[in-house]
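Data block for input_4.csv (CSV, C-alpha atoms):
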```csv
chain,number,residue,atom,x,y,z
H,19,MET,CA,31.6,-19.0,54.6
H,20,THR,CA,33.5,-16.2,56.2
H,21,ASP,CA,36.5,-14.7,54.3
H,22,ALA,CA,38.5,-14.4,57.5
H,23,PRO,CA,41.9,-16.0,56.8
H,24,THR,CA,42.2,-17.3,60.4
H,25,GLU,CA,38.9,-19.1,60.2
H,26,LEU,CA,39.7,-20.6,56.8
H,27,SER,CA,43.1,-21.7,58.1
H,28,GLY,CA,41.4,-23.4,61.0
H,29,LEU,CA,38.9,-25.2,58.8
H,30,ARG,CA,41.7,-26.4,56.5
H,31,ALA,CA,43.7,-27.7,59.5
H,32,LYS,CA,40.7,-29.6,60.8
H,33,ALA,CA,40.0,-31.1,57.4
H,34,THR,CA,43.6,-32.2,57.2
H,35,THR,CA,43.4,-33.7,60.6
H,36,LEU,CA,40.2,-35.6,59.8
H,37,ALA,CA,41.7,-37.0,56.6
H,38,GLU,CA,44.9,-38.1,58.4
H,39,LEU,CA,42.8,-39.9,61.0
H,40,HIS,CA,41.0,-41.8,58.3
H,41,ALA,CA,44.3,-42.8,56.6
H,42,ALA,CA,46.1,-43.8,59.8
H,43,PRO,CA,46.7,-47.5,60.5
H,44,GLY,CA,44.8,-47.2,63.8
H,45,ILE,CA,41.1,-47.4,63.2
H,46,LEU,CA,39.1,-44.2,63.7
H,47,GLN,CA,36.1,-44.6,65.9
H,48,VAL,CA,33.6,-41.8,65.8
H,49,ILE,CA,30.9,-41.9,68.5
H,50,ASN,CA,27.9,-40.3,66.8
H,51,VAL,CA,26.3,-37.2,68.5
H,52,TRP,CA,23.1,-35.3,67.9
H,53,ASP,CA,23.3,-32.1,69.9
H,54,VAL,CA,25.7,-29.9,71.8
H,55,ILE,CA,25.6,-31.7,75.1
H,56,SER,CA,26.1,-35.1,73.6
H,57,ALA,CA,29.0,-33.6,71.5
H,58,LYS,CA,30.6,-32.1,74.6
H,59,THR,CA,30.2,-35.3,76.6
H,60,ILE,CA,31.9,-37.4,73.9
H,61,ALA,CA,34.6,-34.9,73.1
H,62,ASP,CA,35.7,-35.1,76.7
H,63,VAL,CA,36.0,-38.9,76.7
H,64,PRO,CA,39.7,-39.8,76.5
H,65,GLY,CA,40.6,-41.2,73.1
H,66,THR,CA,38.0,-39.2,71.1
H,67,THR,CA,39.8,-37.6,68.2
H,68,ALA,CA,36.9,-36.5,66.0
H,69,LEU,CA,33.1,-36.3,66.1
H,70,ALA,CA,30.4,-37.4,63.7
H,71,THR,CA,26.8,-36.4,63.7
H,72,ALA,CA,23.9,-38.8,63.1
H,73,SER,CA,21.1,-37.4,60.9
H,74,HIS,CA,18.6,-40.0,62.2
H,75,SER,CA,19.3,-38.9,65.8
H,76,ILE,CA,19.2,-35.2,65.0
H,77,ALA,CA,15.9,-35.6,63.1
H,78,ALA,CA,14.4,-37.6,66.0
H,79,SER,CA,15.5,-35.1,68.6
H,80,LEU,CA,13.7,-32.4,66.6
H,81,GLY,CA,10.5,-34.4,66.0
H,82,TYR,CA,11.2,-35.5,62.4
H,83,GLU,CA,11.2,-39.0,60.8
H,84,ASP,CA,14.5,-40.1,59.3
H,85,GLY,CA,15.0,-39.8,55.5
H,86,GLU,CA,15.4,-36.1,54.7
H,87,ASN,CA,12.1,-35.1,56.4
H,88,ILE,CA,14.0,-32.5,58.4
H,89,PRO,CA,14.3,-29.1,56.6
H,90,VAL,CA,17.9,-28.6,55.4
H,91,ALA,CA,18.1,-25.3,57.3
H,92,GLU,CA,17.4,-27.1,60.6
H,93,MET,CA,20.0,-29.8,59.9
H,94,ILE,CA,22.6,-27.2,59.0
H,95,ALA,CA,21.8,-25.2,62.2
H,96,ALA,CA,22.1,-28.4,64.3
H,97,VAL,CA,25.4,-29.5,62.9
H,98,GLY,CA,26.7,-26.0,63.1
H,99,ARG,CA,26.0,-25.8,66.9
H,100,ILE,CA,27.8,-29.1,67.3
H,101,ALA,CA,30.9,-27.8,65.3
H,102,ALA,CA,30.9,-24.6,67.3
H,103,SER,CA,30.9,-26.5,70.6
H,104,THR,CA,34.3,-28.4,70.1
H,105,THR,CA,37.8,-27.9,68.8
H,106,LEU,CA,37.7,-31.4,67.2
H,107,PRO,CA,37.0,-31.9,63.5
H,108,VAL,CA,33.4,-32.7,62.9
H,109,SER,CA,32.0,-34.9,60.1
H,110,ALA,CA,28.2,-34.4,59.4
H,111,ASP,CA,25.7,-37.0,58.2
H,112,LEU,CA,24.0,-35.0,55.4
H,113,GLU,CA,21.8,-37.8,54.1
H,114,SER,CA,21.8,-37.6,50.3
H,115,GLY,CA,22.3,-33.8,50.2
H,116,TYR,CA,18.7,-32.7,50.6
H,117,GLY,CA,18.2,-32.3,46.8
H,118,ASP,CA,21.3,-30.2,46.3
H,119,PRO,CA,24.5,-31.8,47.6
H,120,GLU,CA,26.8,-29.0,46.5
H,121,ASP,CA,24.8,-26.3,48.2
H,122,THR,CA,24.2,-28.4,51.3
H,123,VAL,CA,27.9,-29.1,51.7
H,124,ARG,CA,28.8,-25.5,51.1
H,125,ARG,CA,26.4,-24.5,53.8
H,126,ALA,CA,27.8,-27.1,56.2
H,127,ILE,CA,31.3,-25.9,55.6
H,128,GLY,CA,30.1,-22.4,56.4
H,129,VAL,CA,29.1,-23.5,59.9
H,130,GLY,CA,32.4,-25.4,60.6
H,131,ILE,CA,31.9,-28.9,59.2
H,132,VAL,CA,34.9,-30.4,57.4
H,133,GLY,CA,33.6,-33.8,56.3
H,134,ALA,CA,30.3,-35.5,55.5
H,135,ASN,CA,28.5,-38.7,54.6
H,136,ILE,CA,26.5,-38.4,51.4
H,137,GLU,CA,24.1,-41.3,50.6
H,138,ASP,CA,23.7,-42.7,47.1
H,139,GLN,CA,20.3,-44.3,48.0
H,140,MET,CA,21.1,-46.7,45.1
H,141,ARG,CA,20.3,-44.1,42.5
H,142,PRO,CA,21.7,-45.0,39.0
H,143,LEU,CA,25.4,-45.1,39.3
H,144,SER,CA,26.0,-42.1,37.0
H,145,ASP,CA,23.6,-40.0,39.1
H,146,ALA,CA,25.2,-41.1,42.3
H,147,VAL,CA,28.7,-40.2,41.0
H,148,ALA,CA,27.4,-36.8,40.1
H,149,GLN,CA,26.1,-36.4,43.7
H,150,MET,CA,29.5,-37.2,45.1
H,151,GLU,CA,31.3,-34.9,42.6
H,152,ALA,CA,28.9,-32.0,43.6
H,153,ALA,CA,29.8,-32.5,47.3
H,154,LEU,CA,33.5,-32.5,46.5
H,155,LYS,CA,33.1,-29.4,44.3
H,156,ALA,CA,31.7,-27.5,47.2
H,157,GLY,CA,34.8,-28.2,49.3
H,158,GLN,CA,37.1,-27.1,46.5
H,159,ALA,CA,35.1,-23.9,46.0
H,160,GLU,CA,35.3,-23.2,49.7
H,161,GLY,CA,39.1,-23.8,49.8
H,162,ILE,CA,39.3,-26.9,51.9
H,163,ASP,CA,40.1,-30.6,51.3
H,164,PHE,CA,36.6,-31.8,52.3
H,165,VAL,CA,36.5,-35.3,53.7
H,166,LEU,CA,33.8,-37.2,51.8
H,167,ASN,CA,32.7,-40.4,53.3
H,168,ALA,CA,30.7,-41.5,50.2
H,169,ARG,CA,28.0,-43.9,51.3
H,170,THR,CA,26.5,-46.7,49.2
H,171,ASP,CA,23.2,-48.2,50.4
H,172,ALA,CA,23.8,-51.5,48.6
H,173,PHE,CA,23.4,-53.5,51.8
H,174,VAL,CA,20.8,-51.2,53.4
H,175,LYS,CA,18.5,-51.6,50.4
H,176,ALA,CA,19.5,-55.2,49.5
H,177,GLY,CA,16.1,-56.7,50.3
H,178,ASP,CA,16.1,-60.4,49.2
H,179,ARG,CA,18.7,-59.9,46.5
H,180,ASP,CA,21.6,-62.4,46.1
H,181,PRO,CA,24.2,-61.4,48.7
H,182,ALA,CA,27.0,-61.9,46.1
H,183,GLU,CA,25.2,-59.4,43.8
H,184,VAL,CA,24.8,-56.9,46.6
H,185,LEU,CA,28.5,-57.1,47.5
H,186,ALA,CA,29.5,-56.7,43.8
H,187,ASP,CA,27.3,-53.6,43.7
H,188,ALA,CA,29.0,-52.1,46.8
H,189,VAL,CA,32.4,-52.8,45.2
H,190,GLU,CA,31.5,-51.2,41.9
H,191,ARG,CA,29.9,-48.1,43.5
H,192,GLY,CA,32.7,-47.6,46.0
H,193,LYS,CA,35.4,-47.8,43.4
H,194,ALA,CA,33.6,-45.2,41.3
H,195,TYR,CA,33.4,-42.8,44.3
H,196,LEU,CA,37.0,-43.2,45.1
H,197,ALA,CA,37.9,-42.6,41.5
H,198,ILE,CA,36.4,-39.1,41.6
H,199,GLY,CA,38.1,-38.2,44.9
H,200,ALA,CA,36.0,-39.5,47.8
H,201,THR,CA,38.2,-40.0,50.9
H,202,ASN,CA,36.4,-43.2,52.0
H,203,VAL,CA,33.5,-45.4,51.1
H,204,PHE,CA,30.9,-46.0,53.8
H,205,VAL,CA,29.1,-49.3,53.5
H,206,PRO,CA,26.5,-49.5,56.3
H,207,GLY,CA,25.0,-52.9,57.1
H,208,LEU,CA,25.7,-56.0,59.2
H,209,LEU,CA,28.8,-57.0,57.3
H,210,ASP,CA,30.5,-60.4,57.9
H,211,GLU,CA,34.2,-60.9,57.6
H,212,HIS,CA,34.0,-62.1,54.0
H,213,ALA,CA,32.2,-58.9,53.0
H,214,VAL,CA,34.7,-56.6,54.9
H,215,THR,CA,37.7,-58.4,53.4
H,216,THR,CA,36.3,-58.2,49.9
H,217,LEU,CA,35.6,-54.5,50.2
H,218,VAL,CA,39.0,-53.7,51.7
H,219,GLU,CA,40.7,-55.6,48.9
H,220,ALA,CA,38.7,-53.7,46.3
H,221,PHE,CA,39.1,-50.2,47.8
H,222,GLY,CA,42.5,-50.6,49.5
H,223,PRO,CA,43.5,-50.4,53.2
H,224,GLN,CA,42.0,-47.5,55.2
H,225,ARG,CA,39.4,-46.7,52.6
H,226,LEU,CA,36.4,-48.6,54.0
H,227,SER,CA,34.0,-47.1,56.6
H,228,VAL,CA,31.5,-49.3,58.4
H,229,ILE,CA,28.8,-48.9,61.0
H,230,ASN,CA,28.8,-51.1,64.0
H,231,VAL,CA,25.5,-52.5,65.2
H,232,PRO,CA,24.6,-55.3,67.5
H,233,GLY,CA,26.4,-58.4,66.1
H,234,SER,CA,29.1,-56.5,64.2
H,235,LEU,CA,32.7,-57.5,64.1
H,236,ALA,CA,34.8,-56.1,67.0
H,237,PRO,CA,36.7,-52.9,66.3
H,238,SER,CA,40.0,-54.7,66.9
H,239,ARG,CA,39.2,-57.2,64.2
H,240,LEU,CA,38.0,-54.5,61.8
H,241,GLN,CA,41.4,-52.8,62.3
H,242,GLU,CA,43.2,-55.9,61.5
H,243,LEU,CA,41.2,-56.2,58.3
H,244,GLY,CA,42.2,-52.7,57.2
H,245,VAL,CA,39.0,-50.8,57.9
H,246,ALA,CA,39.5,-47.0,58.2
H,247,ARG,CA,36.5,-45.9,60.3
H,248,ILE,CA,33.7,-47.2,62.5
H,249,SER,CA,30.6,-45.1,63.3
H,250,TYR,CA,27.5,-46.1,65.2
H,251,GLY,CA,24.7,-44.1,63.6
H,252,PRO,CA,21.5,-43.8,65.7
H,253,TRP,CA,22.6,-46.5,68.1
H,254,THR,CA,24.4,-44.1,70.4
H,255,GLN,CA,21.2,-42.1,70.9
H,256,ARG,CA,19.4,-45.4,71.4
H,257,VAL,CA,21.9,-46.4,74.2
H,258,ALA,CA,21.2,-43.1,75.9
H,259,LEU,CA,17.4,-43.4,75.5
H,260,THR,CA,17.5,-47.0,76.8
H,261,ALA,CA,19.3,-45.8,79.9
H,262,LEU,CA,16.8,-43.0,80.3
H,263,ALA,CA,13.8,-45.3,80.0
H,264,ALA,CA,15.4,-47.8,82.5
H,265,SER,CA,15.9,-45.0,85.0
H,266,ALA,CA,12.3,-43.8,84.5
H,267,ARG,CA,11.0,-47.3,85.2
H,268,GLU,CA,13.1,-47.5,88.4
H,269,LEU,CA,12.0,-44.1,89.6
H,270,LEU,CA,8.3,-44.7,89.0
H,271,ALA,CA,8.7,-48.0,90.9
H,272,ASP,CA,9.8,-46.1,94.1
H,273,GLY,CA,13.4,-46.4,93.1
H,274,GLN,CA,16.3,-43.9,93.1
H,275,LEU,CA,18.6,-42.4,90.5
H,276,PRO,CA,21.4,-44.7,89.4
H,277,GLU,CA,24.6,-44.8,91.5
H,278,GLY,CA,27.5,-43.0,89.8
H,279,THR,CA,25.3,-40.6,87.7
H,280,LEU,CA,27.5,-37.7,86.7
H,281,PRO,CA,26.5,-34.0,86.3
H,282,LEU,CA,27.7,-34.0,82.7
H,283,ASN,CA,25.4,-31.2,81.7
```

Would you encode the structure as structure tokens?
Amino acid sequence: MTDAPTELSGLRAKATTLAELHAAPGILQVINVWDVISAKTIADVPGTTALATASHSIAASLGYEDGENIPVAEMIAAVGRIAASTTLPVSADLESGYGDPEDTVRRAIGVGIVGANIEDQMRPLSDAVAQMEAALKAGQAEGIDFVLNARTDAFVKAGDRDPAEVLADAVERGKAYLAIGATNVFVPGLLDEHAVTTLVEAFGPQRLSVINVPGSLAPSRLQELGVARISYGPWTQRVALTALAASARELLADGQLPEGTLPLN
């Protein structure tokens, strides 16, 4: 990271803003982006207060399968271009840290990122805690209060396990991550109201982050339950690609471009 005081001051301010948005009673919705033009488009939508990248979407746009198949240098370059395109704070999805969470977070901060998701991938809990500690250590070394959205894959990797055991795992892991300084705990999955209520009671209000997918609880209800943040992962890119495919079918069937199409690029 540059030693320029003004740049460090700007990063600190963005990190503080991002943390405050997570802690506020009003729920933080981050519409996930994957490149500069999607970032600029979302940043210009009224009500947008922060941006979050989607690793799945960035990897797909560059020809890689999800799951840390993209080289870390390409991911850092991609999130850096997004951060440079906006004045809003940007949180990056950095998967499980690409083998070195501390160095990956350090490099992300160097290109303007002030928060991140780090996945535990259901590693042994002690190993997962060490991952999260490494990410936080990078923020401390770079002089900012990095916003760690510590992700547990308890539900994502649940398989046919007893749902009560899965929920208990998510609670145990989330509490361990909060105990070492994570800002929030991200529990992706199709969560019902019982699961959300249990997690909020375990972590405290404005500590749980969720992903909304088709069938998820409405943002207004999640806010009432004390959820801090909603993200949408690869679904925003899927929305865009679905619209593109629908337009292509229309055009190839002797149709026209959709009414109301805007020159957003």

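Closest approach to Ser144 in chain H among H:Ile127, H:Ser56, H:Ala41, H:Glu190 is made by H:Glu190 (distances from all atoms listed in the file).
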
> With only C-alpha atoms as the atoms that count, which of H:Phe173, H:Tyr250, H:Phe221, H:Trp52 lies nearest to Val205 in chain H?
Replying inline: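 Of H:Phe173, H:Tyr250, H:Phe221, H:Trp52, the one nearest Val205 in chain H, counting only C-alpha atoms, is H:Phe173.
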
Can you write out as CSV which residues of range 138-200 of chain H fall within 9 Å of range 24-32 of chain H, alongside each residue's closest atom pair and its distance in Å to one decimal, counting all atoms listed in the file and ordering rows by chain and ascending residue number?
```
residue,atom,partner,partner_atom,distance
H:Glu160,CA,H:Leu26,CA,8.7
H:Gly161,CA,H:Arg30,CA,7.6
H:Ile162,CA,H:Arg30,CA,5.2
H:Asp163,CA,H:Arg30,CA,6.9
H:Phe164,CA,H:Arg30,CA,8.5
```

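Between Val257 in chain H and the residues H:Pro181, H:Gly44, H:Gly81, H:Pro232, the shortest atom-to-atom distance, using only C-alpha atoms, involves H:Pro232.
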
> Which of these residues is nearest to Thr104 in chain H, using only C-alpha atoms: H:Gly130, H:Gly117, H:Gly157, H:Pro89?
Replying inline: H:Gly130

> When you draw a straight line from CA of Ser265 in chain H to CA of Gly278 in chain H, how long is it in Å?
Replying inline: 12.7 Å

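Closest to Gly192 in chain H among H:Pro64, H:Gly222, H:Gly177, H:Gly207 is H:Gly222, based on only C-alpha atoms.
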
For range 81-92 of chain H, where the input has fewer atoms than it should, I would like all heavy atoms rebuilt and written as a PDB file, in the coordinates of the input.
```pdb
ATOM      1  N   GLY H  81      11.903 -33.988  66.261  1.00  0.00           N
ATOM      2  CA  GLY H  81      10.500 -34.400  66.000  1.00  0.00           C
ATOM      3  C   GLY H  81      10.268 -34.795  64.526  1.00  0.00           C
ATOM      4  O   GLY H  81       9.110 -34.832  64.096  1.00  0.00           O
ATOM      5  N   TYR H  82      11.314 -35.156  63.774  1.00  0.00           N
ATOM      6  CA  TYR H  82      11.200 -35.500  62.400  1.00  0.00           C
ATOM      7  C   TYR H  82      11.497 -37.025  62.188  1.00  0.00           C
ATOM      8  O   TYR H  82      12.363 -37.569  62.881  1.00  0.00           O
ATOM      9  CB  TYR H  82      12.065 -34.729  61.462  1.00  0.00           C
ATOM     10  CG  TYR H  82      11.785 -33.246  61.451  1.00  0.00           C
ATOM     11  CD1 TYR H  82      12.524 -32.378  62.256  1.00  0.00           C
ATOM     12  CD2 TYR H  82      10.779 -32.713  60.649  1.00  0.00           C
ATOM     13  CE1 TYR H  82      12.272 -31.013  62.247  1.00  0.00           C
ATOM     14  CE2 TYR H  82      10.518 -31.353  60.636  1.00  0.00           C
ATOM     15  CZ  TYR H  82      11.269 -30.506  61.436  1.00  0.00           C
ATOM     16  OH  TYR H  82      11.009 -29.152  61.430  1.00  0.00           O
ATOM     17  N   GLU H  83      10.840 -37.653  61.222  1.00  0.00           N
ATOM     18  CA  GLU H  83      11.200 -39.000  60.800  1.00  0.00           C
ATOM     19  C   GLU H  83      12.531 -38.923  60.023  1.00  0.00           C
ATOM     20  O   GLU H  83      12.822 -37.911  59.371  1.00  0.00           O
ATOM     21  CB  GLU H  83      10.130 -39.615  59.934  1.00  0.00           C
ATOM     22  CG  GLU H  83       8.828 -39.915  60.662  1.00  0.00           C
ATOM     23  CD  GLU H  83       8.966 -41.051  61.660  1.00  0.00           C
ATOM     24  OE1 GLU H  83       9.750 -41.988  61.388  1.00  0.00           O
ATOM     25  OE2 GLU H  83       8.294 -41.003  62.708  1.00  0.00           O
ATOM     26  N   ASP H  84      13.302 -39.993  60.066  1.00  0.00           N
ATOM     27  CA  ASP H  84      14.500 -40.100  59.300  1.00  0.00           C
ATOM     28  C   ASP H  84      14.205 -40.070  57.806  1.00  0.00           C
ATOM     29  O   ASP H  84      13.100 -40.422  57.394  1.00  0.00           O
ATOM     30  CB  ASP H  84      15.300 -41.329  59.669  1.00  0.00           C
ATOM     31  CG  ASP H  84      16.686 -41.394  59.056  1.00  0.00           C
ATOM     32  OD1 ASP H  84      17.309 -40.331  58.893  1.00  0.00           O
ATOM     33  OD2 ASP H  84      17.137 -42.510  58.735  1.00  0.00           O
ATOM     34  N   GLY H  85      15.161 -39.685  56.967  1.00  0.00           N
ATOM     35  CA  GLY H  85      15.000 -39.800  55.500  1.00  0.00           C
ATOM     36  C   GLY H  85      14.711 -38.430  54.872  1.00  0.00           C
ATOM     37  O   GLY H  85      13.829 -38.305  54.015  1.00  0.00           O
ATOM     38  N   GLU H  86      15.470 -37.409  55.267  1.00  0.00           N
ATOM     39  CA  GLU H  86      15.400 -36.100  54.700  1.00  0.00           C
ATOM     40  C   GLU H  86      14.028 -35.408  54.885  1.00  0.00           C
ATOM     41  O   GLU H  86      13.585 -34.585  54.082  1.00  0.00           O
ATOM     42  CB  GLU H  86      15.760 -36.101  53.187  1.00  0.00           C
ATOM     43  CG  GLU H  86      17.199 -36.518  52.951  1.00  0.00           C
ATOM     44  CD  GLU H  86      17.740 -36.148  51.576  1.00  0.00           C
ATOM     45  OE1 GLU H  86      16.960 -36.074  50.618  1.00  0.00           O
ATOM     46  OE2 GLU H  86      18.968 -35.930  51.477  1.00  0.00           O
ATOM     47  N   ASN H  87      13.368 -35.763  55.990  1.00  0.00           N
ATOM     48  CA  ASN H  87      12.100 -35.100  56.400  1.00  0.00           C
ATOM     49  C   ASN H  87      12.414 -33.780  57.120  1.00  0.00           C
ATOM     50  O   ASN H  87      11.575 -32.885  57.153  1.00  0.00           O
ATOM     51  CB  ASN H  87      11.240 -35.990  57.188  1.00  0.00           C
ATOM     52  CG  ASN H  87      10.626 -37.087  56.354  1.00  0.00           C
ATOM     53  OD1 ASN H  87       9.814 -36.837  55.469  1.00  0.00           O
ATOM     54  ND2 ASN H  87      11.030 -38.325  56.605  1.00  0.00           N
ATOM     55  N   ILE H  88      13.578 -33.688  57.739  1.00  0.00           N
ATOM     56  CA  ILE H  88      14.000 -32.500  58.400  1.00  0.00           C
ATOM     57  C   ILE H  88      14.349 -31.414  57.388  1.00  0.00           C
ATOM     58  O   ILE H  88      15.062 -31.716  56.424  1.00  0.00           O
ATOM     59  CB  ILE H  88      15.136 -32.732  59.401  1.00  0.00           C
ATOM     60  CG1 ILE H  88      15.493 -31.478  60.189  1.00  0.00           C
ATOM     61  CG2 ILE H  88      16.347 -33.287  58.680  1.00  0.00           C
ATOM     62  CD1 ILE H  88      16.522 -31.726  61.291  1.00  0.00           C
ATOM     63  N   PRO H  89      13.893 -30.173  57.525  1.00  0.00           N
ATOM     64  CA  PRO H  89      14.300 -29.100  56.600  1.00  0.00           C
ATOM     65  C   PRO H  89      15.831 -28.951  56.639  1.00  0.00           C
ATOM     66  O   PRO H  89      16.440 -29.022  57.709  1.00  0.00           O
ATOM     67  CB  PRO H  89      13.591 -27.882  57.086  1.00  0.00           C
ATOM     68  CG  PRO H  89      12.403 -28.405  57.831  1.00  0.00           C
ATOM     69  CD  PRO H  89      12.873 -29.683  58.472  1.00  0.00           C
ATOM     70  N   VAL H  90      16.444 -28.733  55.486  1.00  0.00           N
ATOM     71  CA  VAL H  90      17.900 -28.600  55.400  1.00  0.00           C
ATOM     72  C   VAL H  90      18.407 -27.518  56.343  1.00  0.00           C
ATOM     73  O   VAL H  90      19.469 -27.659  56.967  1.00  0.00           O
ATOM     74  CB  VAL H  90      18.382 -28.452  53.984  1.00  0.00           C
ATOM     75  CG1 VAL H  90      17.879 -27.156  53.378  1.00  0.00           C
ATOM     76  CG2 VAL H  90      19.903 -28.534  53.906  1.00  0.00           C
ATOM     77  N   ALA H  91      17.678 -26.429  56.461  1.00  0.00           N
ATOM     78  CA  ALA H  91      18.100 -25.300  57.300  1.00  0.00           C
ATOM     79  C   ALA H  91      18.239 -25.762  58.763  1.00  0.00           C
ATOM     80  O   ALA H  91      19.166 -25.349  59.477  1.00  0.00           O
ATOM     81  CB  ALA H  91      17.172 -24.136  57.194  1.00  0.00           C
ATOM     82  N   GLU H  92      17.316 -26.612  59.208  1.00  0.00           N
ATOM     83  CA  GLU H  92      17.400 -27.100  60.600  1.00  0.00           C
ATOM     84  C   GLU H  92      18.561 -28.053  60.776  1.00  0.00           C
ATOM     85  O   GLU H  92      19.223 -28.038  61.820  1.00  0.00           O
ATOM     86  CB  GLU H  92      16.067 -27.773  60.984  1.00  0.00           C
ATOM     87  CG  GLU H  92      14.903 -26.816  61.148  1.00  0.00           C
ATOM     88  CD  GLU H  92      13.742 -27.442  61.899  1.00  0.00           C
ATOM     89  OE1 GLU H  92      13.978 -28.062  62.953  1.00  0.00           O
ATOM     90  OE2 GLU H  92      12.600 -27.313  61.433  1.00  0.00           O
TER      91      GLU H  92
END
```
